[in-house]
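All remarks here apply to the structure that follows.
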Amino acid sequence: MTDFEIGRSGGKCHGCQQALPEESDFHSAIFESAAGFERRDFCGACWQGPPADSFCQFRTRLHTRQARQRVLVDDNVLLDFFQRLGEHGDDPVKRDFRFVLSLILLRKRLLKFDRTIRDSRGDAWQVRLVRDGSLHQVIDPQLDEARIQLLSSELGVILASHDSPLDATVAGDSSATESAHA
Ligand SMILES: [Zn+2]
């Protein structure tokens with residue numbers, strides 16, 4: 001599980017605008033908009049099944065830890081998002097997100113680095129998905145550190161809340177990330 005902090009503005013159902021229930025499952029869907037990806041949460045009563053125009057969707061739950069609301073996102077959600085992004089390899093925004101997500105997944109040991117492939121498109125990493133052993137290629141978009149940090153925090157916003165950073169930041173170790181949130 002990856003633990004995300006949920007922002008003050010988050011935690012409301014997109015349908016009825018009521019606060020999402022704590023300690024019970026709710027539904028989330030990710031949509032594409034002109035501005036990028038957008039996450040919407042739905043309580044059980046407002047969830048009518050996966051929205052036809054959503055990019056992907058998942059179940060999750062809020063829990064209270066250290067007096068902050070957080071949302072738990074299953075590792076499989078990250079892996080599914082990684083695979084969905086791979087279906088749109090020509091889109092530069094999705095390519096960049098996929099690269100940053102792969103850094104997080106490598107750090108969580110959900111992906112294993114296999115080798116670098118060099119071709120006319122530039123460098124790509126071949127990685128192995130630990131859960132099923134499948135091989136995937138991740139184009140290396142040669143991002144600088146500032147862009148990686150920006151995309152990493154945007155991923156947290158997309159997957160978890162409206163204004164919170166992703167817990168599994170690329171740089172630094174997890175204990176440092178934890179204490180930064182304490
Ligand atoms: Zn609702």
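Residues are named by chain letter and number: chains run A, B, ... in the order of the structure tokens, numbers start at 1 in each chain, and ligands are numbered from 1 in the order shown.
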
Cut-off 6 Å: closest chain A/ligand 1 atom pairs per residue, using only C-alpha atoms and all ligand atoms, as a Markdown table:
| residue | atom | partner | partner_atom_place_in_ligand_line | distance |
| --- | --- | --- | --- | --- |
| A:Cys13 | CA | ligand 1 | 1 (Zn) | 4.7 |
| A:Gly15 | CA | ligand 1 | 1 (Zn) | 4.6 |
| A:Cys16 | CA | ligand 1 | 1 (Zn) | 4.0 |
| A:Phe42 | CA | ligand 1 | 1 (Zn) | 5.4 |
| A:Cys43 | CA | ligand 1 | 1 (Zn) | 4.3 |
| A:Ala45 | CA | ligand 1 | 1 (Zn) | 5.6 |
| A:Cys46 | CA | ligand 1 | 1 (Zn) | 4.3 |

Using the selection just defined, write its residues with N, CA and C atoms as a tab-separated table (two decimals), in the first residue's frame.
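Dumped everything to again-v7.tsv:
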chain	number	residue	atom	x	y	z
A	13	CYS	N	-17.33	13.85	-1.57
A	13	CYS	CA	-17.89	13.12	-2.70
A	13	CYS	C	-18.16	14.09	-3.85
A	15	GLY	N	-20.26	13.64	-6.15
A	15	GLY	CA	-21.70	13.64	-6.44
A	15	GLY	C	-22.49	14.49	-5.46
A	16	CYS	N	-22.51	14.09	-4.19
A	16	CYS	CA	-23.39	14.74	-3.21
A	16	CYS	C	-22.66	15.80	-2.38
A	42	PHE	N	-16.12	9.31	-5.07
A	42	PHE	CA	-17.56	9.09	-4.98
A	42	PHE	C	-17.87	8.22	-3.77
A	43	CYS	N	-18.90	8.62	-3.01
A	43	CYS	CA	-19.37	7.75	-1.94
A	43	CYS	C	-20.14	6.57	-2.56
A	45	ALA	N	-23.16	5.63	-2.34
A	45	ALA	CA	-24.50	5.94	-2.87
A	45	ALA	C	-24.42	6.63	-4.23
A	46	CYS	N	-23.37	7.39	-4.46
A	46	CYS	CA	-23.26	8.16	-5.71
A	46	CYS	C	-22.51	7.40	-6.80

Residues within 9 Å of segment 95-104 of chain A, only C-alpha atoms, excluding chain neighbours under 2 positions, as a VMD selection string
chain A and resid 78 to 79 81 to 83 85 to 86 88 to 93 106 to 111 127 138 to 141 143 148 to 149 151 to 152 154 to 155 168 to 170

Please save C-alpha atoms of the selected residues as an mmCIF file, in the first residue's frame.
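This went into again-v7.cif:
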data_model
loop_
_atom_site.group_PDB
_atom_site.id
_atom_site.type_symbol
_atom_site.label_atom_id
_atom_site.label_comp_id
_atom_site.auth_asym_id
_atom_site.auth_seq_id
_atom_site.Cartn_x
_atom_site.Cartn_y
_atom_site.Cartn_z
ATOM 1 C CA LEU A 78 -0.118 2.427 -9.225
ATOM 2 C CA LEU A 79 0.726 -0.544 -11.439
ATOM 3 C CA PHE A 81 -2.001 3.400 -13.884
ATOM 4 C CA PHE A 82 1.525 2.646 -15.120
ATOM 5 C CA GLN A 83 0.170 0.123 -17.613
ATOM 6 C CA LEU A 85 -0.161 5.242 -19.381
ATOM 7 C CA GLY A 86 1.898 2.827 -21.489
ATOM 8 C CA HIS A 88 -0.446 6.168 -24.893
ATOM 9 C CA GLY A 89 3.300 6.151 -25.494
ATOM 10 C CA ASP A 90 3.255 9.005 -28.020
ATOM 11 C CA ASP A 91 1.645 11.551 -25.693
ATOM 12 C CA PRO A 92 4.481 13.561 -24.096
ATOM 13 C CA VAL A 93 2.581 14.302 -20.865
ATOM 14 C CA LEU A 106 11.399 0.932 -8.941
ATOM 15 C CA ARG A 107 11.995 2.430 -5.516
ATOM 16 C CA LYS A 108 9.090 0.413 -4.106
ATOM 17 C CA ARG A 109 10.563 -2.680 -5.792
ATOM 18 C CA LEU A 110 7.350 -3.266 -7.741
ATOM 19 C CA LEU A 111 9.419 -2.886 -10.920
ATOM 20 C CA VAL A 127 11.731 -2.992 -16.757
ATOM 21 C CA VAL A 138 9.786 3.151 -20.372
ATOM 22 C CA ILE A 139 11.040 5.985 -22.570
ATOM 23 C CA ASP A 140 13.549 8.148 -20.734
ATOM 24 C CA PRO A 141 12.434 11.732 -21.461
ATOM 25 C CA LEU A 143 13.782 15.221 -17.318
ATOM 26 C CA ILE A 148 10.682 15.107 -11.794
ATOM 27 C CA GLN A 149 9.755 16.622 -8.423
ATOM 28 C CA LEU A 151 5.469 15.570 -11.759
ATOM 29 C CA SER A 152 5.905 13.461 -8.646
ATOM 30 C CA GLU A 154 1.244 16.107 -9.440
ATOM 31 C CA LEU A 155 0.937 12.335 -9.375
ATOM 32 C CA ALA A 168 6.537 8.075 -2.269
ATOM 33 C CA THR A 169 8.657 10.959 -3.494
ATOM 34 C CA VAL A 170 11.493 10.063 -5.786
#

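A straight line drawn from atom CA of Val130 of chain A to atom CA of Glu87 of chain A is 19.2 Å long.
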